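final-v7.txt, holding compact mmCIF, N, CA and C atoms and all ligand atoms:
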# COMPACT_ATOMS: atom_id res chain seq x y z
N MET A 290 82.12 135.68 118.78
CA MET A 290 83.53 135.99 118.50
C MET A 290 83.74 137.49 118.74
N ASN A 291 84.84 137.84 119.44
CA ASN A 291 85.14 139.23 119.71
C ASN A 291 86.43 139.64 119.00
N LYS A 292 86.49 140.94 118.66
CA LYS A 292 87.68 141.47 118.02
C LYS A 292 87.98 142.81 118.69
N THR A 293 89.25 143.06 118.99
CA THR A 293 89.62 144.33 119.61
C THR A 293 90.29 145.22 118.57
N LEU A 294 89.82 146.45 118.47
CA LEU A 294 90.36 147.42 117.52
C LEU A 294 90.85 148.64 118.26
N THR A 295 91.82 149.32 117.71
CA THR A 295 92.21 150.64 118.21
C THR A 295 91.64 151.67 117.26
N CYS A 296 90.80 152.53 117.78
CA CYS A 296 90.18 153.55 116.91
C CYS A 296 91.25 154.48 116.36
N ILE A 297 91.15 154.80 115.06
CA ILE A 297 92.12 155.71 114.44
C ILE A 297 91.50 157.08 114.18
N GLY A 298 90.36 157.34 114.84
CA GLY A 298 89.65 158.59 114.61
C GLY A 298 90.33 159.81 115.20
N CYS A 299 91.13 159.63 116.25
CA CYS A 299 91.85 160.75 116.86
C CYS A 299 92.97 160.18 117.72
N PRO A 300 93.84 161.04 118.25
CA PRO A 300 94.99 160.54 119.01
C PRO A 300 94.64 159.81 120.31
N MET A 301 93.40 159.87 120.75
CA MET A 301 93.03 159.16 121.99
C MET A 301 93.22 157.65 121.84
N GLY A 302 93.01 157.13 120.65
CA GLY A 302 93.22 155.71 120.39
C GLY A 302 92.40 154.78 121.27
N CYS A 303 91.12 155.04 121.40
CA CYS A 303 90.25 154.21 122.24
C CYS A 303 90.30 152.75 121.78
N LEU A 304 90.31 151.85 122.74
CA LEU A 304 90.25 150.41 122.43
C LEU A 304 88.78 150.02 122.32
N ILE A 305 88.41 149.47 121.21
CA ILE A 305 87.01 149.13 120.96
C ILE A 305 86.90 147.62 120.82
N GLU A 306 85.94 147.08 121.54
CA GLU A 306 85.69 145.64 121.43
C GLU A 306 84.46 145.44 120.55
N VAL A 307 84.64 144.64 119.51
CA VAL A 307 83.55 144.38 118.56
C VAL A 307 83.09 142.94 118.72
N GLU A 308 81.80 142.77 118.78
CA GLU A 308 81.23 141.42 118.86
C GLU A 308 80.71 141.03 117.48
N LEU A 309 81.14 139.86 117.01
CA LEU A 309 80.74 139.35 115.70
C LEU A 309 80.02 138.02 115.88
N ASP A 310 79.11 137.70 114.96
CA ASP A 310 78.51 136.37 115.03
C ASP A 310 79.46 135.35 114.39
N GLU A 311 79.04 134.10 114.34
CA GLU A 311 79.94 133.05 113.84
C GLU A 311 80.31 133.24 112.38
N ALA A 312 79.46 133.93 111.63
CA ALA A 312 79.75 134.18 110.21
C ALA A 312 80.60 135.44 110.03
N GLY A 313 80.93 136.11 111.13
CA GLY A 313 81.75 137.31 111.04
C GLY A 313 80.95 138.58 110.84
N ASN A 314 79.64 138.50 111.00
CA ASN A 314 78.81 139.70 110.86
C ASN A 314 78.82 140.52 112.16
N PHE A 315 78.78 141.82 111.98
CA PHE A 315 78.81 142.75 113.12
C PHE A 315 77.56 142.60 113.99
N LEU A 316 77.77 142.51 115.31
CA LEU A 316 76.64 142.48 116.24
C LEU A 316 76.59 143.74 117.10
N SER A 317 77.71 144.09 117.72
CA SER A 317 77.72 145.26 118.60
C SER A 317 79.16 145.70 118.84
N SER A 318 79.30 146.86 119.45
CA SER A 318 80.64 147.33 119.82
C SER A 318 80.54 148.12 121.11
N LYS A 319 81.67 148.18 121.84
CA LYS A 319 81.74 149.00 123.04
C LYS A 319 83.18 149.47 123.23
N GLY A 320 83.35 150.53 123.99
CA GLY A 320 84.68 151.05 124.26
C GLY A 320 84.96 152.36 123.54
N TRP A 321 84.17 152.70 122.55
CA TRP A 321 84.35 153.97 121.85
C TRP A 321 83.86 155.11 122.75
N SER A 322 84.41 156.31 122.51
CA SER A 322 84.03 157.47 123.31
C SER A 322 83.16 158.45 122.55
N CYS A 323 82.99 158.21 121.25
CA CYS A 323 82.17 159.14 120.46
C CYS A 323 81.64 158.39 119.23
N ASN A 324 80.79 159.06 118.48
CA ASN A 324 80.17 158.40 117.32
C ASN A 324 81.16 158.08 116.20
N ILE A 325 82.28 158.82 116.16
CA ILE A 325 83.29 158.50 115.14
C ILE A 325 83.81 157.09 115.38
N GLY A 326 84.10 156.78 116.63
CA GLY A 326 84.59 155.45 116.99
C GLY A 326 83.53 154.38 116.79
N LYS A 327 82.30 154.72 117.11
CA LYS A 327 81.20 153.76 116.93
C LYS A 327 81.08 153.38 115.45
N ARG A 328 81.12 154.41 114.58
CA ARG A 328 81.01 154.18 113.14
C ARG A 328 82.24 153.43 112.61
N TYR A 329 83.44 153.84 113.10
CA TYR A 329 84.69 153.19 112.68
C TYR A 329 84.64 151.69 112.96
N ALA A 330 84.18 151.33 114.17
CA ALA A 330 84.17 149.92 114.57
C ALA A 330 83.33 149.08 113.60
N GLN A 331 82.17 149.58 113.26
CA GLN A 331 81.30 148.80 112.38
C GLN A 331 81.88 148.73 110.97
N GLU A 332 82.37 149.90 110.48
CA GLU A 332 82.97 149.92 109.13
C GLU A 332 84.18 149.01 109.04
N GLU A 333 85.01 149.03 110.08
CA GLU A 333 86.28 148.30 110.04
C GLU A 333 86.07 146.79 109.91
N VAL A 334 84.98 146.28 110.44
CA VAL A 334 84.75 144.83 110.34
C VAL A 334 83.82 144.47 109.17
N THR A 335 83.22 145.47 108.52
CA THR A 335 82.33 145.16 107.40
C THR A 335 82.92 145.64 106.07
N ALA A 336 83.28 146.92 105.99
CA ALA A 336 83.83 147.48 104.75
C ALA A 336 84.89 148.51 105.11
N PRO A 337 86.09 148.06 105.49
CA PRO A 337 87.11 149.00 105.96
C PRO A 337 87.57 149.97 104.87
N VAL A 338 87.78 151.21 105.25
CA VAL A 338 88.22 152.25 104.31
C VAL A 338 89.38 153.04 104.94
N ARG A 339 90.16 153.67 104.08
CA ARG A 339 91.27 154.51 104.54
C ARG A 339 91.44 155.70 103.59
N THR A 340 91.89 156.82 104.16
CA THR A 340 92.34 157.93 103.34
C THR A 340 93.77 157.60 102.89
N VAL A 341 94.03 157.74 101.59
CA VAL A 341 95.36 157.44 101.06
C VAL A 341 96.12 158.74 100.86
N THR A 342 97.36 158.79 101.33
CA THR A 342 98.24 159.93 101.08
C THR A 342 99.43 159.44 100.26
N ALA A 343 99.96 160.32 99.43
CA ALA A 343 101.08 159.91 98.57
C ALA A 343 101.81 161.15 98.05
N LEU A 344 102.91 160.90 97.37
CA LEU A 344 103.64 161.96 96.66
C LEU A 344 103.55 161.65 95.18
N VAL A 345 103.27 162.65 94.36
CA VAL A 345 103.22 162.43 92.91
C VAL A 345 104.23 163.34 92.22
N ASN A 346 104.64 162.94 91.03
CA ASN A 346 105.63 163.71 90.27
C ASN A 346 105.00 164.94 89.64
N VAL A 347 105.84 165.98 89.51
CA VAL A 347 105.41 167.22 88.88
C VAL A 347 106.32 167.44 87.66
N THR A 348 105.72 167.67 86.51
CA THR A 348 106.48 167.87 85.27
C THR A 348 107.52 168.98 85.43
N ASP A 349 108.75 168.69 85.04
CA ASP A 349 109.86 169.65 85.07
C ASP A 349 110.23 170.14 86.47
N ARG A 350 109.85 169.42 87.48
CA ARG A 350 110.22 169.79 88.86
C ARG A 350 110.84 168.58 89.54
N THR A 351 111.76 168.84 90.46
CA THR A 351 112.30 167.73 91.26
C THR A 351 111.47 167.51 92.51
N GLU A 352 110.82 168.59 92.97
CA GLU A 352 110.01 168.50 94.20
C GLU A 352 108.68 167.79 93.91
N PRO A 353 108.38 166.72 94.64
CA PRO A 353 107.09 166.05 94.41
C PRO A 353 105.95 166.82 95.07
N LEU A 354 104.74 166.49 94.65
CA LEU A 354 103.53 167.11 95.21
C LEU A 354 102.88 166.12 96.18
N SER A 355 102.56 166.58 97.39
CA SER A 355 101.83 165.72 98.33
C SER A 355 100.34 165.79 98.01
N VAL A 356 99.70 164.63 98.06
CA VAL A 356 98.28 164.53 97.72
C VAL A 356 97.58 163.59 98.71
N LYS A 357 96.25 163.65 98.71
CA LYS A 357 95.47 162.69 99.50
C LYS A 357 94.14 162.46 98.80
N THR A 358 93.54 161.33 99.09
CA THR A 358 92.22 161.08 98.53
C THR A 358 91.23 162.04 99.19
N ALA A 359 90.26 162.49 98.42
CA ALA A 359 89.27 163.44 98.94
C ALA A 359 88.31 162.77 99.91
N ALA A 360 88.26 161.45 99.87
CA ALA A 360 87.43 160.67 100.78
C ALA A 360 88.13 159.33 100.98
N PRO A 361 87.79 158.63 102.04
CA PRO A 361 88.42 157.32 102.23
C PRO A 361 88.06 156.36 101.09
N VAL A 362 89.01 155.49 100.74
CA VAL A 362 88.79 154.48 99.69
C VAL A 362 88.74 153.11 100.36
N PRO A 363 88.13 152.12 99.72
CA PRO A 363 88.14 150.78 100.29
C PRO A 363 89.57 150.33 100.54
N LYS A 364 89.78 149.70 101.70
CA LYS A 364 91.14 149.27 102.06
C LYS A 364 91.73 148.36 100.99
N SER A 365 90.88 147.57 100.35
CA SER A 365 91.35 146.64 99.32
C SER A 365 91.85 147.37 98.06
N SER A 366 91.56 148.67 97.93
CA SER A 366 91.98 149.44 96.74
C SER A 366 93.24 150.25 96.97
N ILE A 367 93.79 150.21 98.17
CA ILE A 367 94.92 151.09 98.50
C ILE A 367 96.09 150.89 97.53
N PHE A 368 96.49 149.64 97.29
CA PHE A 368 97.66 149.42 96.42
C PHE A 368 97.38 149.84 94.99
N ASP A 369 96.14 149.63 94.51
CA ASP A 369 95.78 150.10 93.16
C ASP A 369 95.84 151.63 93.10
N CYS A 370 95.39 152.29 94.15
CA CYS A 370 95.45 153.75 94.18
C CYS A 370 96.90 154.22 94.13
N LEU A 371 97.75 153.61 94.94
CA LEU A 371 99.16 154.01 94.97
C LEU A 371 99.82 153.74 93.62
N SER A 372 99.43 152.64 92.98
CA SER A 372 99.98 152.32 91.67
C SER A 372 99.57 153.37 90.64
N ASP A 373 98.31 153.78 90.65
CA ASP A 373 97.83 154.84 89.76
C ASP A 373 98.58 156.14 90.00
N LEU A 374 98.75 156.48 91.28
CA LEU A 374 99.38 157.76 91.63
C LEU A 374 100.86 157.76 91.26
N ARG A 375 101.50 156.60 91.30
CA ARG A 375 102.91 156.49 90.93
C ARG A 375 103.09 156.87 89.45
N LYS A 376 102.09 156.57 88.62
CA LYS A 376 102.19 156.84 87.18
C LYS A 376 101.81 158.27 86.83
N LEU A 377 101.19 158.97 87.77
CA LEU A 377 100.64 160.30 87.50
C LEU A 377 101.73 161.37 87.46
N LYS A 378 101.59 162.33 86.56
CA LYS A 378 102.50 163.47 86.51
C LYS A 378 101.62 164.71 86.37
N VAL A 379 101.74 165.63 87.31
CA VAL A 379 100.90 166.84 87.27
C VAL A 379 101.73 168.02 86.79
N GLN A 380 101.01 169.03 86.35
CA GLN A 380 101.64 170.22 85.80
C GLN A 380 101.53 171.37 86.81
N ALA A 381 102.64 172.02 87.12
CA ALA A 381 102.59 173.20 87.98
C ALA A 381 102.02 174.37 87.16
N PRO A 382 101.39 175.37 87.77
CA PRO A 382 101.19 175.51 89.21
C PRO A 382 100.05 174.63 89.73
N VAL A 383 100.19 174.18 90.96
CA VAL A 383 99.16 173.40 91.64
C VAL A 383 98.92 174.05 92.99
N HIS A 384 97.64 174.13 93.36
CA HIS A 384 97.29 174.74 94.65
C HIS A 384 96.60 173.72 95.55
N ILE A 385 96.72 173.96 96.84
CA ILE A 385 96.07 173.08 97.82
C ILE A 385 94.59 172.95 97.47
N GLY A 386 94.12 171.72 97.40
CA GLY A 386 92.71 171.46 97.10
C GLY A 386 92.44 171.19 95.62
N ASP A 387 93.41 171.49 94.75
CA ASP A 387 93.22 171.19 93.32
C ASP A 387 93.07 169.68 93.13
N VAL A 388 92.14 169.29 92.26
CA VAL A 388 91.95 167.87 91.96
C VAL A 388 93.01 167.45 90.96
N VAL A 389 93.81 166.44 91.31
CA VAL A 389 94.85 165.97 90.39
C VAL A 389 94.37 164.76 89.59
N THR A 390 93.38 164.03 90.11
CA THR A 390 92.69 163.00 89.35
C THR A 390 91.31 162.83 89.99
N ASP A 391 90.30 162.60 89.17
CA ASP A 391 88.94 162.58 89.75
C ASP A 391 88.40 161.17 89.95
N ASN A 392 89.19 160.14 89.64
CA ASN A 392 88.69 158.77 89.79
C ASN A 392 89.88 157.84 89.96
N VAL A 393 90.51 157.91 91.11
CA VAL A 393 91.73 157.11 91.30
C VAL A 393 91.37 155.62 91.37
N ALA A 394 92.06 154.84 90.57
CA ALA A 394 91.93 153.37 90.53
C ALA A 394 90.48 152.92 90.35
N GLY A 395 89.69 153.72 89.66
CA GLY A 395 88.31 153.33 89.39
C GLY A 395 87.41 153.34 90.62
N THR A 396 87.85 154.02 91.69
CA THR A 396 87.05 154.07 92.92
C THR A 396 85.95 155.13 92.85
N GLY A 397 86.06 156.06 91.88
CA GLY A 397 85.13 157.18 91.82
C GLY A 397 85.51 158.29 92.79
N ILE A 398 86.66 158.14 93.43
CA ILE A 398 87.10 159.11 94.44
C ILE A 398 88.24 159.96 93.87
N ALA A 399 88.16 161.27 94.12
CA ALA A 399 89.17 162.19 93.62
C ALA A 399 90.39 162.20 94.54
N VAL A 400 91.49 162.71 93.98
CA VAL A 400 92.71 162.94 94.75
C VAL A 400 93.03 164.41 94.64
N VAL A 401 93.34 165.04 95.78
CA VAL A 401 93.58 166.48 95.80
C VAL A 401 94.97 166.80 96.31
N ALA A 402 95.49 167.95 95.86
CA ALA A 402 96.80 168.43 96.31
C ALA A 402 96.71 168.88 97.76
N THR A 403 97.77 168.63 98.51
CA THR A 403 97.80 169.11 99.90
C THR A 403 98.93 170.12 100.11
N LYS A 404 99.51 170.58 99.00
CA LYS A 404 100.47 171.68 99.11
C LYS A 404 100.48 172.47 97.81
N ASN A 405 101.04 173.66 97.87
CA ASN A 405 101.13 174.50 96.68
C ASN A 405 102.48 174.28 96.00
N ILE A 406 102.46 174.16 94.69
CA ILE A 406 103.70 174.21 93.91
C ILE A 406 103.45 175.24 92.82
N LEU A 407 104.14 176.37 92.93
CA LEU A 407 103.85 177.49 92.04
C LEU A 407 104.79 177.53 90.84
S1 LIG B 501 86.28 156.76 119.76
FE1 LIG B 501 86.25 158.97 119.45
S2 LIG B 501 87.56 159.74 121.12
FE2 LIG B 501 88.01 157.55 120.92
S3 LIG B 501 89.78 157.44 119.49
FE3 LIG B 501 87.89 157.22 118.28
S4 LIG B 501 87.47 159.30 117.57
FE4 LIG B 501 88.87 159.46 119.30

For the structure just supplied, provide its representation as structure tokens.
Amino acid sequence: MNKTLTCIGCPMGCLIEVELDEAGNFLSSKGWSCNIGKRYAQEEVTAPVRTVTALVNVTDRTEPLSVKTAAPVPKSSIFDCLSDLRKLKVQAPVHIGDVVTDNVAGTGIAVVATKNIL
């Protein structure tokens, strides 16, 4: 069984063909142009992950704070992460790189600020 993926590692968007066995296990891939794509192809069919970006509320401010996960989270946890972040309220001042939560949705992954709110 074959599956075609578009690599999301960079704007080149290489088309990657992944070969799976009948049980859906990864066998091989081709079409990637670098190791990022090679790794993405295998991860995407075995344990897909994504970096989550969101806006969170800041106490006493109307302007929200943009944040992202410090590392990719399992794709199956994305909605739980967004739900956690929706409930979060941070206190200004916040600087780029500040950790706003260190374990979003029980993933063990931190979420960091991507802008300054002074
Ligand atoms: S395989 Fe490499 S060059 Fe191609 S889209 Fe992915 S990251 Fe970019």

request  = Compare A:Cys303, A:Pro363, A:Ala336, A:Gly298 by their minimum atom-to-atom distance to Gly320 of chain A, counting only N, CA and C atoms, and give me the closest one.
outcome  =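 When distances to Gly320 of chain A are compared using only N, CA and C atoms, the smallest one comes from A:Cys303.
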
Determine which residues of segment 328-405 of chain A receive a DSSP assignment of strand (DSSP E), computed from the backbone, and state them as an mmCIF file with N, CA and C atoms, in the frame of the given file.
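Saved to states05.cif:
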data_model
loop_
_atom_site.group_PDB
_atom_site.id
_atom_site.type_symbol
_atom_site.label_atom_id
_atom_site.label_comp_id
_atom_site.auth_asym_id
_atom_site.auth_seq_id
_atom_site.Cartn_x
_atom_site.Cartn_y
_atom_site.Cartn_z
ATOM 1 N N VAL A 338 87.780 151.210 105.250
ATOM 2 C CA VAL A 338 88.220 152.250 104.310
ATOM 3 C C VAL A 338 89.380 153.040 104.940
ATOM 4 N N ARG A 339 90.160 153.670 104.080
ATOM 5 C CA ARG A 339 91.270 154.510 104.540
ATOM 6 C C ARG A 339 91.440 155.700 103.590
ATOM 7 N N THR A 342 97.360 158.790 101.330
ATOM 8 C CA THR A 342 98.240 159.930 101.080
ATOM 9 C C THR A 342 99.430 159.440 100.260
ATOM 10 N N ALA A 343 99.960 160.320 99.430
ATOM 11 C CA ALA A 343 101.080 159.910 98.570
ATOM 12 C C ALA A 343 101.810 161.150 98.050
ATOM 13 N N LEU A 344 102.910 160.900 97.370
ATOM 14 C CA LEU A 344 103.640 161.960 96.660
ATOM 15 C C LEU A 344 103.550 161.650 95.180
ATOM 16 N N VAL A 345 103.270 162.650 94.360
ATOM 17 C CA VAL A 345 103.220 162.430 92.910
ATOM 18 C C VAL A 345 104.230 163.340 92.220
ATOM 19 N N ASN A 346 104.640 162.940 91.030
ATOM 20 C CA ASN A 346 105.630 163.710 90.270
ATOM 21 C C ASN A 346 105.000 164.940 89.640
ATOM 22 N N VAL A 347 105.840 165.980 89.510
ATOM 23 C CA VAL A 347 105.410 167.220 88.880
ATOM 24 C C VAL A 347 106.320 167.440 87.660
ATOM 25 N N LEU A 354 104.740 166.490 94.650
ATOM 26 C CA LEU A 354 103.530 167.110 95.210
ATOM 27 C C LEU A 354 102.880 166.120 96.180
ATOM 28 N N SER A 355 102.560 166.580 97.390
ATOM 29 C CA SER A 355 101.830 165.720 98.330
ATOM 30 C C SER A 355 100.340 165.790 98.010
ATOM 31 N N VAL A 356 99.700 164.630 98.060
ATOM 32 C CA VAL A 356 98.280 164.530 97.720
ATOM 33 C C VAL A 356 97.580 163.590 98.710
ATOM 34 N N LYS A 357 96.250 163.650 98.710
ATOM 35 C CA LYS A 357 95.470 162.690 99.500
ATOM 36 C C LYS A 357 94.140 162.460 98.800
ATOM 37 N N THR A 358 93.540 161.330 99.090
ATOM 38 C CA THR A 358 92.220 161.080 98.530
ATOM 39 C C THR A 358 91.230 162.040 99.190
ATOM 40 N N VAL A 362 89.010 155.490 100.740
ATOM 41 C CA VAL A 362 88.790 154.480 99.690
ATOM 42 C C VAL A 362 88.740 153.110 100.360
ATOM 43 N N PRO A 363 88.130 152.120 99.720
ATOM 44 C CA PRO A 363 88.140 150.780 100.290
ATOM 45 C C PRO A 363 89.570 150.330 100.540
ATOM 46 N N LYS A 378 101.590 162.330 86.560
ATOM 47 C CA LYS A 378 102.500 163.470 86.510
ATOM 48 C C LYS A 378 101.620 164.710 86.370
ATOM 49 N N VAL A 379 101.740 165.630 87.310
ATOM 50 C CA VAL A 379 100.900 166.840 87.270
ATOM 51 C C VAL A 379 101.730 168.020 86.790
ATOM 52 N N VAL A 388 92.140 169.290 92.260
ATOM 53 C CA VAL A 388 91.950 167.870 91.960
ATOM 54 C C VAL A 388 93.010 167.450 90.960
ATOM 55 N N VAL A 389 93.810 166.440 91.310
ATOM 56 C CA VAL A 389 94.850 165.970 90.390
ATOM 57 C C VAL A 389 94.370 164.760 89.590
ATOM 58 N N THR A 390 93.380 164.030 90.110
ATOM 59 C CA THR A 390 92.690 163.000 89.350
ATOM 60 C C THR A 390 91.310 162.830 89.990
ATOM 61 N N VAL A 400 91.490 162.710 93.980
ATOM 62 C CA VAL A 400 92.710 162.940 94.750
ATOM 63 C C VAL A 400 93.030 164.410 94.640
ATOM 64 N N VAL A 401 93.340 165.040 95.780
ATOM 65 C CA VAL A 401 93.580 166.480 95.800
ATOM 66 C C VAL A 401 94.970 166.800 96.310
ATOM 67 N N ALA A 402 95.490 167.950 95.860
ATOM 68 C CA ALA A 402 96.800 168.430 96.310
ATOM 69 C C ALA A 402 96.710 168.880 97.760
#

If we count only N, CA and C atoms, what is near Thr293 of chain A at a cut-off of 6 Å, once residues fewer than 4 positions away on the same chain are taken out, given as a PDB file with N, CA and C atoms, in the coordinates of the input?
ATOM      1  N   ILE A 305      88.410 149.470 121.210  1.00  0.00           N
ATOM      2  CA  ILE A 305      87.010 149.130 120.960  1.00  0.00           C
ATOM      3  C   ILE A 305      86.900 147.620 120.820  1.00  0.00           C
ATOM      4  N   GLU A 306      85.940 147.080 121.540  1.00  0.00           N
ATOM      5  CA  GLU A 306      85.690 145.640 121.430  1.00  0.00           C
ATOM      6  C   GLU A 306      84.460 145.440 120.550  1.00  0.00           C
ATOM      7  N   VAL A 307      84.640 144.640 119.510  1.00  0.00           N
ATOM      8  CA  VAL A 307      83.550 144.380 118.560  1.00  0.00           C
ATOM      9  C   VAL A 307      83.090 142.940 118.720  1.00  0.00           C
TER      10      VAL A 307
END

ask   = Hey, what's within 6.5 Å of Met290 of chain A if we count all atoms listed in the file and toss same-chain stuff fewer than 3 positions away? As an MDAnalysis selection string, please?
value = chainID A and resid 307:311

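For the set A:His384, A:Arg328, A:Lys292, A:Lys404, the residue with the smallest atom-to-atom gap to ligand LIG 501 (chain B) is A:Arg328, counting all atoms listed in the file.
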
inquiry  = Going by DSSP on the backbone, which residues of segment 311-388 of chain A come out as helix (DSSP H, G or I)? List them as a PyMOL selection string.
reply    = chain A and resi 324-335+364-376

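Counting only C-alpha atoms, the residue from A:Val401, A:Val338, A:Cys299, A:Val347 that sits nearest to Gly326 of chain A is A:Cys299.
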
I need segment 374-391 of chain A written out with N, CA and C atoms, as a PDB file, in the first residue's frame; please produce it.
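Printed below is part.pdb as written:
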ATOM      1  N   LEU A 374      -5.154  25.905  26.368  1.00  0.00           N
ATOM      2  CA  LEU A 374      -4.656  27.264  26.127  1.00  0.00           C
ATOM      3  C   LEU A 374      -5.798  28.277  26.143  1.00  0.00           C
ATOM      4  N   ARG A 375      -6.989  27.852  25.744  1.00  0.00           N
ATOM      5  CA  ARG A 375      -8.152  28.741  25.766  1.00  0.00           C
ATOM      6  C   ARG A 375      -8.464  29.172  27.205  1.00  0.00           C
ATOM      7  N   LYS A 376      -8.205  28.288  28.167  1.00  0.00           N
ATOM      8  CA  LYS A 376      -8.517  28.583  29.574  1.00  0.00           C
ATOM      9  C   LYS A 376      -7.414  29.383  30.264  1.00  0.00           C
ATOM     10  N   LEU A 377      -6.248  29.449  29.627  1.00  0.00           N
ATOM     11  CA  LEU A 377      -5.076  30.063  30.259  1.00  0.00           C
ATOM     12  C   LEU A 377      -5.151  31.593  30.246  1.00  0.00           C
ATOM     13  N   LYS A 378      -4.685  32.214  31.314  1.00  0.00           N
ATOM     14  CA  LYS A 378      -4.591  33.670  31.368  1.00  0.00           C
ATOM     15  C   LYS A 378      -3.203  33.989  31.923  1.00  0.00           C
ATOM     16  N   VAL A 379      -2.409  34.727  31.168  1.00  0.00           N
ATOM     17  CA  VAL A 379      -1.050  35.045  31.620  1.00  0.00           C
ATOM     18  C   VAL A 379      -0.994  36.481  32.105  1.00  0.00           C
ATOM     19  N   GLN A 380       0.040  36.739  32.883  1.00  0.00           N
ATOM     20  CA  GLN A 380       0.223  38.054  33.487  1.00  0.00           C
ATOM     21  C   GLN A 380       1.337  38.804  32.754  1.00  0.00           C
ATOM     22  N   ALA A 381       1.085  40.026  32.320  1.00  0.00           N
ATOM     23  CA  ALA A 381       2.143  40.845  31.727  1.00  0.00           C
ATOM     24  C   ALA A 381       3.067  41.334  32.857  1.00  0.00           C
ATOM     25  N   PRO A 382       4.335  41.621  32.599  1.00  0.00           N
ATOM     26  CA  PRO A 382       4.985  41.562  31.293  1.00  0.00           C
ATOM     27  C   PRO A 382       5.356  40.133  30.897  1.00  0.00           C
ATOM     28  N   VAL A 383       5.321  39.878  29.601  1.00  0.00           N
ATOM     29  CA  VAL A 383       5.726  38.595  29.042  1.00  0.00           C
ATOM     30  C   VAL A 383       6.716  38.879  27.925  1.00  0.00           C
ATOM     31  N   HIS A 384       7.763  38.061  27.868  1.00  0.00           N
ATOM     32  CA  HIS A 384       8.783  38.249  26.834  1.00  0.00           C
ATOM     33  C   HIS A 384       8.865  37.016  25.938  1.00  0.00           C
ATOM     34  N   ILE A 385       9.311  37.245  24.717  1.00  0.00           N
ATOM     35  CA  ILE A 385       9.477  36.141  23.766  1.00  0.00           C
ATOM     36  C   ILE A 385      10.321  35.041  24.417  1.00  0.00           C
ATOM     37  N   GLY A 386       9.820  33.823  24.363  1.00  0.00           N
ATOM     38  CA  GLY A 386      10.555  32.680  24.926  1.00  0.00           C
ATOM     39  C   GLY A 386      10.133  32.334  26.346  1.00  0.00           C
ATOM     40  N   ASP A 387       9.399  33.225  27.016  1.00  0.00           N
ATOM     41  CA  ASP A 387       8.918  32.904  28.369  1.00  0.00           C
ATOM     42  C   ASP A 387       7.986  31.698  28.306  1.00  0.00           C
ATOM     43  N   VAL A 388       8.126  30.799  29.276  1.00  0.00           N
ATOM     44  CA  VAL A 388       7.245  29.630  29.348  1.00  0.00           C
ATOM     45  C   VAL A 388       5.931  30.062  29.989  1.00  0.00           C
ATOM     46  N   VAL A 389       4.818  29.857  29.283  1.00  0.00           N
ATOM     47  CA  VAL A 389       3.516  30.233  29.843  1.00  0.00           C
ATOM     48  C   VAL A 389       2.828  29.033  30.497  1.00  0.00           C
ATOM     49  N   THR A 390       3.193  27.826  30.093  1.00  0.00           N
ATOM     50  CA  THR A 390       2.783  26.609  30.787  1.00  0.00           C
ATOM     51  C   THR A 390       3.822  25.540  30.446  1.00  0.00           C
ATOM     52  N   ASP A 391       4.136  24.697  31.424  1.00  0.00           N
ATOM     53  CA  ASP A 391       5.236  23.749  31.172  1.00  0.00           C
ATOM     54  C   ASP A 391       4.758  22.342  30.841  1.00  0.00           C
TER      55      ASP A 391
END
